[in-house]
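Colleague: work.txt is reproduced below (compact mmCIF, C-alpha atoms).
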```
# COMPACT_ATOMS: atom_id res chain seq x y z
CA MET A 1 -10.75 9.74 -34.93
CA THR A 2 -11.52 11.71 -31.77
CA ALA A 3 -13.98 9.03 -30.74
CA VAL A 4 -11.28 6.39 -31.10
CA PHE A 5 -8.97 8.37 -28.84
CA LYS A 6 -11.75 8.82 -26.31
CA LYS A 7 -12.24 5.09 -26.23
CA ILE A 8 -8.50 4.44 -25.97
CA ASN A 9 -8.22 6.86 -23.05
CA LEU A 10 -10.66 5.03 -20.80
CA ASN A 11 -9.52 1.62 -21.97
CA TYR A 12 -6.02 2.56 -20.83
CA PHE A 13 -7.40 3.61 -17.45
CA TYR A 14 -9.29 0.36 -16.92
CA ASN A 15 -6.52 -1.82 -18.33
CA VAL A 16 -3.91 -0.29 -16.03
CA LEU A 17 -6.29 -0.87 -13.09
CA ALA A 18 -6.68 -4.49 -14.21
CA LEU A 19 -2.87 -4.76 -14.32
CA ALA A 20 -2.73 -3.38 -10.78
CA ILE A 21 -4.95 -6.25 -9.64
CA LEU A 22 -2.59 -8.74 -11.30
CA ALA A 23 0.40 -6.99 -9.72
CA ARG A 24 -1.19 -7.41 -6.29
CA ILE A 25 -1.57 -11.16 -6.81
CA TYR A 26 2.05 -11.36 -8.04
CA SER A 27 3.21 -9.45 -4.97
CA ASP A 28 1.15 -11.66 -2.62
CA ILE A 29 2.62 -14.84 -4.08
CA PHE A 30 6.22 -13.97 -4.96
CA VAL A 31 7.16 -10.99 -2.78
CA LEU A 32 5.12 -11.19 0.43
CA HIS A 33 4.78 -15.00 0.50
CA ARG A 34 1.25 -14.70 1.89
CA TRP A 35 0.54 -18.40 1.30
CA GLN A 36 3.20 -19.29 3.86
CA ILE A 37 1.64 -16.84 6.31
CA HIS A 38 -1.73 -18.55 6.05
CA THR A 39 -0.21 -22.03 6.38
CA GLY A 40 1.56 -20.91 9.58
CA GLU A 41 5.13 -21.07 8.22
CA LEU A 42 5.68 -17.30 8.43
CA PHE A 43 4.80 -14.73 11.07
CA PRO A 44 1.55 -12.90 10.21
CA TYR A 45 3.18 -9.54 9.57
CA ARG A 46 0.84 -6.54 9.34
CA GLN A 47 -2.33 -7.87 10.89
CA GLY A 48 -5.47 -6.99 9.06
CA LEU A 49 -8.19 -4.53 9.90
CA LEU A 50 -11.62 -5.60 11.15
CA PHE A 51 -9.96 -7.71 13.88
CA LEU A 52 -10.67 -10.97 12.08
CA PRO A 53 -8.39 -13.91 12.90
CA LEU A 54 -6.00 -15.24 10.27
CA LEU A 55 -8.21 -17.32 7.99
CA PRO A 56 -7.25 -20.73 6.50
CA PRO A 57 -5.40 -20.74 3.12
CA VAL A 58 -8.62 -21.52 1.24
CA PHE A 59 -9.70 -17.90 1.84
CA LEU A 60 -6.50 -16.70 0.23
CA ILE A 61 -7.39 -18.77 -2.85
CA LEU A 62 -10.86 -17.19 -2.76
CA GLU A 63 -9.23 -13.73 -2.60
CA TRP A 64 -6.99 -14.44 -5.58
CA VAL A 65 -9.73 -16.07 -7.69
CA THR A 66 -12.10 -13.15 -7.11
CA SER A 67 -9.26 -10.73 -7.90
CA LEU A 68 -8.63 -12.53 -11.19
CA ALA A 69 -12.35 -12.42 -12.00
CA ALA A 70 -12.40 -8.67 -11.25
CA CYS A 71 -9.38 -8.21 -13.52
CA TYR A 72 -11.09 -10.14 -16.34
CA PHE A 73 -14.33 -8.15 -16.14
CA LEU A 74 -12.54 -4.78 -15.90
CA ALA A 75 -10.39 -5.53 -18.93
CA ASN A 76 -13.51 -6.58 -20.86
CA GLY A 77 -15.55 -3.47 -20.16
CA ARG A 78 -17.81 -4.94 -17.44
CA VAL A 79 -16.67 -2.20 -15.06
CA ARG A 80 -19.39 -2.34 -12.39
CA LEU A 81 -19.22 -6.12 -12.11
CA GLY A 82 -15.42 -6.09 -12.00
CA ALA A 83 -15.36 -3.25 -9.46
CA GLY A 84 -17.96 -4.99 -7.27
CA ILE A 85 -15.98 -8.22 -7.18
CA ALA A 86 -12.76 -6.26 -6.51
CA VAL A 87 -14.37 -4.47 -3.56
CA GLY A 88 -15.30 -7.84 -1.99
CA SER A 89 -11.85 -9.23 -2.69
CA TYR A 90 -10.02 -6.28 -1.13
CA PHE A 91 -12.27 -6.23 1.93
CA LEU A 92 -11.30 -9.85 2.49
CA SER A 93 -7.66 -9.03 1.82
CA LEU A 94 -7.60 -6.05 4.19
CA SER A 95 -9.12 -8.19 6.92
CA GLN A 96 -6.04 -10.40 6.68
CA MET A 97 -3.17 -8.01 5.90
CA TYR A 98 -3.30 -4.23 6.03
CA GLN A 99 -1.55 -2.32 3.26
CA ASN A 100 -2.08 1.28 2.15
CA GLN A 101 -2.13 0.22 -1.50
CA LYS A 102 -5.11 -2.08 -0.83
CA VAL A 103 -6.98 0.80 0.81
CA LEU A 104 -6.38 2.90 -2.31
CA LEU A 105 -7.55 0.05 -4.55
CA LEU A 106 -10.64 -0.36 -2.37
CA ILE A 107 -11.47 3.36 -2.61
CA VAL A 108 -11.02 3.33 -6.41
CA PHE A 109 -13.12 0.21 -6.98
CA ALA A 110 -15.86 1.26 -4.53
CA THR A 111 -16.10 4.52 -6.48
CA LEU A 112 -16.33 2.68 -9.81
CA LEU A 113 -18.97 0.39 -8.32
CA ILE A 114 -21.12 3.41 -7.40
CA LYS A 115 -20.55 5.10 -10.74
CA PRO A 116 -18.05 4.02 -13.41
CA VAL A 117 -16.04 6.63 -15.29
CA THR A 118 -17.58 6.77 -18.76
CA ARG A 119 -16.81 8.72 -21.88
CA GLY A 120 -17.00 12.54 -21.76
CA VAL A 121 -20.56 13.02 -20.55
CA ALA A 122 -20.75 16.07 -18.28
CA GLN A 123 -22.83 14.36 -15.61
CA GLU A 124 -20.20 11.63 -15.25
CA TYR A 125 -17.53 14.08 -14.16
CA SER A 126 -18.32 13.57 -10.49
CA THR A 127 -16.64 10.15 -10.50
CA LYS A 128 -13.67 11.49 -12.39
CA ASP A 129 -13.34 14.47 -10.04
CA PHE A 130 -13.57 12.22 -7.00
CA LEU A 131 -10.83 9.93 -8.32
CA LYS A 132 -8.67 12.93 -9.24
CA TRP A 133 -9.03 14.10 -5.64
CA GLN A 134 -7.72 10.73 -4.48
CA ILE A 135 -4.36 11.05 -6.23
CA ILE A 136 -4.04 14.68 -5.04
CA LEU A 137 -4.74 13.63 -1.44
CA VAL A 138 -2.32 10.69 -1.62
CA TYR A 139 0.55 12.86 -2.87
CA PHE A 140 -0.18 15.85 -0.65
CA PHE A 141 -0.59 13.94 2.62
CA SER A 142 2.23 11.56 1.80
CA ALA A 143 4.50 14.61 1.38
CA LEU A 144 3.23 16.17 4.62
CA HIS A 145 3.85 12.93 6.55
CA LYS A 146 7.35 12.80 5.09
CA ILE A 147 8.06 16.42 6.08
CA LEU A 148 6.80 15.84 9.64
CA GLY A 149 8.40 12.38 9.96
CA LYS A 150 12.00 11.15 9.89
CA PHE A 151 11.95 10.98 6.09
CA SER A 152 12.86 14.66 5.74
CA THR A 153 16.17 14.03 7.59
CA GLY A 154 17.25 11.42 5.03
CA GLU A 155 17.29 8.75 7.79
CA THR A 156 14.37 6.81 6.34
CA LEU A 157 15.96 6.52 2.88
CA LYS A 158 19.23 5.47 4.56
CA ASP A 159 17.40 2.71 6.50
CA LEU A 160 15.47 1.71 3.37
CA PHE A 161 18.56 1.35 1.21
CA GLU A 162 20.92 -0.07 3.83
CA LYS A 163 18.68 -2.26 6.02
CA VAL A 164 15.76 -3.26 3.78
CA LEU A 165 17.12 -3.26 0.23
CA GLN A 166 20.73 -3.94 1.33
CA PHE A 167 22.10 -1.66 -1.37
CA PRO A 168 25.76 -2.70 -1.89
CA TYR A 169 27.25 0.72 -2.66
CA PRO A 170 28.02 3.39 -0.02
CA ILE A 171 25.89 6.55 -0.18
CA THR A 172 26.65 9.63 1.92
CA GLN A 173 24.15 11.12 4.37
CA LYS A 174 24.07 14.31 2.28
CA ILE A 175 22.89 12.39 -0.80
CA TYR A 176 20.17 10.68 1.26
CA LEU A 177 19.04 14.10 2.51
CA ILE A 178 18.95 15.59 -1.00
CA ALA A 179 17.15 12.54 -2.38
CA ALA A 180 14.58 12.72 0.43
CA TRP A 181 13.76 16.35 -0.41
CA ILE A 182 13.60 15.57 -4.13
CA VAL A 183 10.97 12.89 -3.36
CA ILE A 184 9.02 15.32 -1.17
CA MET A 185 9.16 18.06 -3.81
CA VAL A 186 8.05 15.65 -6.55
CA GLU A 187 5.08 14.59 -4.41
CA LEU A 188 4.12 18.21 -3.89
CA ILE A 189 4.65 19.22 -7.52
CA ALA A 190 2.95 16.20 -9.14
CA PRO A 191 -0.66 17.22 -8.26
CA LEU A 192 -0.02 20.80 -9.43
CA LEU A 193 1.49 19.58 -12.67
CA LEU A 194 -1.42 17.17 -13.23
CA LEU A 195 -3.84 20.06 -12.80
CA LEU A 196 -1.93 22.64 -14.86
CA LYS A 197 0.05 20.58 -17.40
CA PRO A 198 -1.61 17.15 -17.44
CA ARG A 199 0.70 15.54 -20.01
CA ALA A 200 3.84 16.58 -18.12
CA GLY A 201 2.14 15.48 -14.89
CA VAL A 202 1.38 12.02 -16.25
CA VAL A 203 4.98 11.65 -17.50
CA LEU A 204 6.28 12.64 -14.04
CA VAL A 205 3.92 10.19 -12.30
CA ILE A 206 4.90 7.36 -14.66
CA ALA A 207 8.63 8.08 -14.24
CA LEU A 208 8.34 8.32 -10.44
CA HIS A 209 6.30 5.16 -10.01
CA ILE A 210 8.19 3.01 -12.48
CA GLY A 211 11.34 3.98 -10.57
CA LEU A 212 9.73 3.12 -7.23
CA ALA A 213 8.37 -0.20 -8.53
CA ILE A 214 11.84 -1.22 -9.78
CA VAL A 215 13.38 -0.55 -6.37
CA MET A 216 10.42 -1.97 -4.41
CA PRO A 217 8.51 -4.58 -6.45
CA ASP A 218 5.96 -5.09 -3.66
CA ILE A 219 4.47 -1.66 -4.38
CA LEU A 220 4.00 -2.27 -8.12
CA ALA A 221 0.21 -2.38 -7.69
CA PHE A 222 0.25 0.98 -5.92
CA SER A 223 2.39 2.41 -8.73
CA LEU A 224 -0.05 1.17 -11.37
CA VAL A 225 -3.09 2.60 -9.57
CA MET A 226 -1.39 5.98 -9.29
CA ILE A 227 -0.52 5.89 -13.01
CA ALA A 228 -4.12 4.94 -13.88
CA LEU A 229 -5.50 7.78 -11.73
CA SER A 230 -3.09 10.29 -13.29
CA MET A 231 -4.50 9.42 -16.74
CA LEU A 232 -7.85 10.86 -15.67
CA PHE A 233 -6.32 14.34 -15.81
CA LEU A 234 -5.72 14.06 -19.56
CA LYS A 235 -8.32 15.40 -21.90
CA GLU A 236 -9.91 12.47 -23.60
CA SER A 237 -8.42 13.36 -26.96
CA GLU A 238 -4.88 13.49 -25.57
CA ALA A 239 -4.48 9.86 -24.48
CA MET B 1 -31.08 12.91 -12.48
CA ALA B 2 -31.91 12.93 -8.77
CA VAL B 3 -29.71 9.87 -8.24
CA SER B 4 -26.86 11.50 -10.15
CA HIS B 5 -27.20 14.65 -8.01
CA PHE B 6 -27.19 12.52 -4.87
CA LYS B 7 -24.00 10.77 -5.98
CA LYS B 8 -22.28 14.11 -6.64
CA ILE B 9 -23.14 15.27 -3.12
CA LEU B 10 -22.00 11.90 -1.76
CA PHE B 11 -18.61 12.15 -3.49
CA LYS B 12 -18.08 15.75 -2.31
CA THR B 13 -19.01 14.82 1.27
CA ILE B 14 -16.63 11.85 1.24
CA VAL B 15 -13.76 14.04 0.00
CA ILE B 16 -14.38 16.56 2.80
CA LEU B 17 -14.50 13.75 5.39
CA GLN B 18 -11.35 12.24 3.90
CA ILE B 19 -9.47 15.53 4.20
CA ALA B 20 -10.59 15.88 7.83
CA TYR B 21 -9.53 12.29 8.57
CA LEU B 22 -6.16 12.70 6.84
CA MET B 23 -5.50 15.93 8.78
CA LEU B 24 -6.13 14.03 12.02
CA SER B 25 -3.87 11.17 10.92
CA LEU B 26 -1.02 13.68 10.56
CA PHE B 27 -1.01 14.24 14.30
CA ILE B 28 -2.25 10.87 15.65
CA PRO B 29 0.43 8.31 14.69
CA PRO B 30 -1.60 5.08 15.18
CA MET B 31 -4.26 6.24 12.69
CA PRO B 32 -3.73 4.73 9.23
CA GLY B 33 -3.10 7.37 6.56
CA TRP B 34 -1.00 8.01 3.48
CA LYS B 35 2.22 7.60 5.49
CA MET B 36 4.18 5.62 2.90
CA PHE B 37 7.79 5.49 4.06
CA ALA B 38 7.41 8.64 6.18
CA THR B 39 9.18 6.73 8.95
CA LEU B 40 10.66 3.24 9.01
CA GLU B 41 10.67 1.39 12.30
CA LEU B 42 13.43 -1.20 12.11
CA THR B 43 14.69 -1.54 15.68
CA PRO B 44 17.51 -4.11 15.94
CA PHE B 45 16.65 -7.17 18.02
CA ASN B 46 17.88 -10.65 18.94
CA ILE B 47 15.82 -13.72 19.60
CA THR B 48 17.64 -16.50 21.46
CA ASN B 49 16.76 -20.17 21.88
CA LEU B 50 16.83 -20.59 25.66
CA ASN B 51 17.49 -24.35 25.35
CA THR B 52 20.70 -23.94 23.36
CA GLY B 53 21.65 -20.31 24.00
CA LEU B 54 22.00 -19.78 20.24
CA VAL B 55 20.63 -16.73 18.44
CA ILE B 56 17.75 -17.62 16.08
CA ASP B 57 17.70 -16.26 12.51
CA ALA B 58 14.36 -14.46 12.86
CA ASN B 59 14.34 -13.49 9.17
CA LYS B 60 13.43 -17.12 8.39
CA TYR B 61 10.06 -16.47 10.03
CA MET B 62 9.35 -13.05 8.49
CA VAL B 63 8.02 -12.11 5.07
CA PRO B 64 10.96 -11.38 2.73
CA VAL B 65 10.23 -7.64 2.51
CA TYR B 66 9.12 -5.53 5.43
CA TYR B 67 9.56 -1.85 6.19
CA THR B 68 8.18 -1.35 9.67
CA VAL B 69 8.06 -3.61 12.69
CA SER B 70 6.86 -2.16 15.99
CA ASN B 71 8.02 -3.42 19.38
CA ASP B 72 4.63 -5.12 19.83
CA HIS B 73 5.16 -6.92 16.51
CA LEU B 74 8.60 -8.10 17.63
CA LEU B 75 7.19 -9.51 20.89
CA GLU B 76 4.52 -11.33 18.87
CA LEU B 77 7.23 -12.63 16.52
CA ALA B 78 9.11 -14.10 19.49
CA GLN B 79 5.93 -15.82 20.67
CA PHE B 80 5.30 -17.09 17.14
CA ILE B 81 8.77 -18.70 17.00
CA CYS B 82 8.29 -20.15 20.50
CA ARG B 83 4.94 -21.67 19.45
CA LYS B 84 6.11 -22.92 16.04
CA GLU B 85 9.41 -24.46 17.15
CA LYS B 86 8.11 -25.47 20.60
CA ILE B 87 11.12 -23.91 22.32
CA PRO B 88 11.46 -21.28 25.05
CA VAL B 89 12.88 -18.03 23.65
CA LYS B 90 14.24 -14.72 24.86
CA ILE B 91 13.86 -11.52 22.85
CA GLU B 92 16.03 -8.45 23.30
CA ILE B 93 14.77 -5.34 21.54
CA LEU B 94 17.75 -3.02 21.34
CA ALA B 95 15.72 0.16 21.62
CA SER B 96 16.07 2.86 24.22
CA PRO B 97 15.17 1.69 26.84
CA LYS B 98 16.14 -1.89 25.98
CA ILE B 99 13.30 -4.41 26.22
CA VAL B 100 14.03 -8.00 27.28
CA LYS B 101 11.35 -10.65 27.55
CA GLU B 102 11.39 -14.43 27.91
CA TYR B 103 8.69 -16.79 26.73
CA SER B 104 8.47 -20.27 28.20
CA LYS B 105 6.47 -23.02 26.47
CA ASN B 106 3.59 -22.22 28.85
CA ASP B 107 3.63 -18.55 27.82
CA CYS B 108 3.29 -19.59 24.17
CA GLY B 109 0.35 -21.84 24.90
CA ILE B 110 2.15 -25.10 24.10
```
Take the structure in the file and give it back as C-alpha cells.
Modeller:
Amino acid sequence: MTAVFKKINLNYFYNVLALAILARIYSDIFVLHRWQIHTGELFPYRQGLLFLPLLPPVFLILEWVTSLAACYFLANGRVRLGAGIAVGSYFLSLSQMYQNQKVLLLIVFATLLIKPVTRGVAQEYSTKDFLKWQIILVYFFSALHKILGKFSTGETLKDLFEKVLQFPYPITQKIYLIAAWIVIMVELIAPLLLLLKPRAGVVLVIALHIGLAIVMPDILAFSLVMIALSMLFLKESEA
Amino acid sequence: MAVSHFKKILFKTIVILQIAYLMLSLFIPPMPGWKMFATLELTPFNITNLNTGLVIDANKYMVPVYYTVSNDHLLELAQFICRKEKIPVKIEILASPKIVKEYSKNDCGI
C-alpha cells in the first residue's frame, strides 16, 4: 500500500508539471494572443531575453509542438526526455517573450534533466532539496520585493483591480492595503508552513494559487508549477 | 557515486549563486527577479493620428492582458502603430515630467 502511495506522490508531481505545460500553451493562444504578435498584428510586448529578433510564426508552432511532446513524455514517465524537450522549448520561448513563470519552468525542467526526482532513495534527495529551495526562494523574494515596492501600500492591488482587471465594484484603499499585507504574509508564511507542517502548507499553496489563477488566468502555469513544487514537501506516504 | 556527489555540489552552488543574484535584484530594478506584481507600471498615455487629429485606441495593438509597460515600451508601441498603419503619430506619456514625441513616416522606417 505504501508503495502505491509513493508512486502516486511522484505521479502527481509530474502530472501537475505536465498540466503546467498545457496551461502555458493555453495562455499563449487564448490569453496573450502570441500568434498575433508573431504575425505582426499586435505589439511585441515583453521582448525576449537573448536579444533575438521576433521570429516568424513557424517558430511559435515549433515551441508549442515541442511543449506538447514534453507534456506527453512527462505524463508517461519519460521524465528526462520530457524535461530535455521542455528546456529547449522554454529557451526558445524566453528568447521571444520574457515571463517569470517561464524562467521558473526552465529552472525546474533543467533540474529534472540533470537528475529526475525518483522514489525515496536517499541519494536522490539532492534534486528534491534543490526544487524545494526554488519555491522557498520564489515566495521569500517575491514577498521582499512586495515589501520594498509599491505593493505594500496597496497601490499595486488597486491598479491591478481597477486598471487591469477592471473590477466593477468599488473597493476602499484600506481594503487594498489589508489585502496587500495578507498576500505578503501568506508568501512569508507558506515556506515555513511547508517546512514545518507540509500538509497545511500544500493546502495553503493550492488555495492561494487557485485563487490567483481564477483572477489572472495568464498565470495558471505559474500556479501549477508552485503547486507541483509544494507537493515535494510531503512525505511520500502522505500524498 | 562520484557523479551523484558532483551533482549535489552543483545544486548547492547554484542555490548559493541564486540567493546572491536575487539579493542583488532587490536593489537593482532592471535585473529580472521574483518581482511578481511588486510594482505595476501603467502610466496613462495617448497616441494620436497626426493626419486626422483623432486619438488611436492603442489597446487594439496590445496583448489583452498586460501588467507593466515602461515608457520605452510605450514609445516603441507608438512606432509600431506608425509602421503598421503607415501614419504619423504623436504619443503623450502622462508621467511626471510629461513626455511628448512625434513619429513621422520616415521615423518609422516607412
Colleague: Give the answer as one residue: which of B:Lys90, B:Lys98, B:Lys105, B:Lys8 has the shortest atom-to-atom distance to chain A, using only C-alpha atoms?
Modeller: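 Among B:Lys90, B:Lys98, B:Lys105, B:Lys8, it is B:Lys8 that comes nearest to chain A.
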Colleague: Name the residues in contact with segment 29-39 of chain A at a cut-off of 10 Å, using all atoms listed in the file, excluding same-chain residues fewer than 5 positions from it; report them as a count of residues only.
Modeller: 25
Colleague: In Å, rounded to a single decimal, give me how far atom CA of Ile136 of chain A is from atom CA of Ala38 of chain B.
Modeller: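 So the two atoms, atom CA of Ala38 of chain B and atom CA of Ile136 of chain A, lie 17.1 Å apart.
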Colleague: Which residues of chain A come within 9 Å of chain B, and what is each one's closest atom pair and distance in Å (one decimal), counting only C-alpha atoms, sorted by chain and residue number, as a tab-separated table?
Modeller:
```
residue	atom	partner	partner_atom	distance
A:Val31	CA	B:Pro64	CA	6.7
A:Leu32	CA	B:Val63	CA	5.5
A:His33	CA	B:Val63	CA	6.3
A:Arg34	CA	B:Val63	CA	7.9
A:Gln36	CA	B:Val63	CA	8.7
A:Ile37	CA	B:Val63	CA	8.0
A:Gly40	CA	B:Lys84	CA	8.2
A:Glu41	CA	B:Tyr61	CA	7.0
A:Leu42	CA	B:Tyr61	CA	4.7
A:Phe43	CA	B:Met62	CA	5.5
A:Pro44	CA	B:Met62	CA	8.0
A:Tyr45	CA	B:Val63	CA	7.1
A:Arg46	CA	B:His73	CA	8.4
A:Asn100	CA	B:Trp34	CA	6.9
A:Thr111	CA	B:Phe11	CA	8.6
A:Ile114	CA	B:Lys7	CA	8.0
A:Lys115	CA	B:Lys7	CA	8.2
A:Gln123	CA	B:Ser4	CA	7.4
A:Glu124	CA	B:Ser4	CA	8.4
A:Tyr125	CA	B:Lys8	CA	8.9
A:Ser126	CA	B:Lys8	CA	5.5
A:Thr127	CA	B:Phe11	CA	7.6
A:Asp129	CA	B:Phe11	CA	8.7
A:Phe130	CA	B:Phe11	CA	6.1
A:Trp133	CA	B:Val15	CA	7.4
A:Gln134	CA	B:Val15	CA	8.2
A:Leu137	CA	B:Ile19	CA	7.6
A:Val138	CA	B:Trp34	CA	5.9
A:Tyr139	CA	B:Trp34	CA	8.1
A:Phe140	CA	B:Trp34	CA	8.9
A:Phe141	CA	B:Trp34	CA	6.0
A:Ser142	CA	B:Trp34	CA	5.1
A:Ala143	CA	B:Ala38	CA	8.2
A:Leu144	CA	B:Leu26	CA	7.7
A:His145	CA	B:Ala38	CA	5.6
A:Lys146	CA	B:Ala38	CA	4.3
A:Ile147	CA	B:Ala38	CA	7.8
A:Leu148	CA	B:Ala38	CA	8.0
A:Gly149	CA	B:Ala38	CA	5.4
A:Lys150	CA	B:Thr39	CA	5.3
A:Phe151	CA	B:Ala38	CA	5.1
A:Ser152	CA	B:Ala38	CA	8.1
A:Glu155	CA	B:Thr39	CA	8.4
A:Thr156	CA	B:Leu40	CA	5.8
A:Leu157	CA	B:Phe37	CA	8.3
A:Asp159	CA	B:Leu40	CA	7.2
A:Leu160	CA	B:Tyr67	CA	7.5
A:Lys163	CA	B:Leu42	CA	8.1
A:Val164	CA	B:Tyr67	CA	6.8
A:Leu165	CA	B:Val65	CA	8.5
A:Met216	CA	B:Val65	CA	8.9
A:Asp218	CA	B:Val65	CA	7.9
```
Colleague: Work out how far apart atom CA of Ser230 of chain A and atom CA of Val16 of chain A are and give it in Å to one decimal.
Modeller: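 Separation between atom CA of Ser230 of chain A and atom CA of Val16 of chain A: 11.0 Å.
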Colleague: What is the atom CA of Ser89 of chain A to atom CA of Leu19 of chain A distance in Å?
Modeller: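 Answer for the atom CA of Ser89 of chain A to atom CA of Leu19 of chain A separation: 15.4 Å.
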Colleague: Have a look at A:Ile135, A:Val203, A:Ile171, A:Ile210 and name the one nearest to Glu187 of chain A; count all atoms listed in the file.
Modeller: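 Distance minimum relative to Glu187 of chain A lands on A:Ile135.
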Colleague: Go through A:Leu10, A:Ala221, A:Met185, A:Met231 one by one, measure the shortest atom-to-atom distance of each to Val205 of chain A using all atoms listed in the file, and give the residue with the smallest value.
Modeller: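 Checking each candidate against Val205 of chain A, we get A:Met231 as the closest.
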Colleague: Residues near Lys128 of chain A, anyone? I mean within 7 Å using all atoms listed in the file, not counting same-chain ones fewer than 4 positions away, as a PyMOL selection string.
Modeller: chain A and resi 117+132+232
Colleague: When you count all atoms listed in the file, which of these residues is closest to Gly53 of chain B: B:Ala20, B:Ile87, B:Ile110, B:Val100?
Modeller: B:Ile87
Colleague: With all atoms listed in the file as the basis for distance, which of B:Arg83, B:Ser96, B:Ser104, B:Ile91 is at the shortest distance from Leu54 of chain B?
Modeller: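 Distance minimum relative to Leu54 of chain B lands on B:Ile91.
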Colleague: So which one's closest to Pro88 of chain B, B:Ile28, B:Thr43, B:Leu17, B:Thr52? Using only C-alpha atoms, please.
Modeller: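 Checking each of B:Ile28, B:Thr43, B:Leu17, B:Thr52 against Pro88 of chain B, counting only C-alpha atoms, the winner is B:Thr52.
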Colleague: Do a neighbour search on Val55 of chain B at 10 Å with all atoms listed in the file, toss out local chain neighbours closer than 4 positions, and write the hits as a PyMOL selection string.
Modeller: chain B and resi 46-50+89-91
Colleague: Return as lines of an AutoDock Vina configuration file the box centre and box size in Å, one decimal, for an axis-aligned box around all listed atoms of segment 24-40 of chain A padded by 8 Å per side.
Modeller:
```
center_x = 2.7
center_y = -14.7
center_z = 0.8
size_x = 24.9
size_y = 30.6
size_z = 33.6
```
Colleague: Given the point (-12.5, -10.7, -13.7) in the file's coordinates, find the residues that have an atom at most 10 Å from it, counting only C-alpha atoms, and give them as an MDAnalysis selection string.
Modeller: chainID A and resid 18 21 65:76 78:79 81:83 85:86
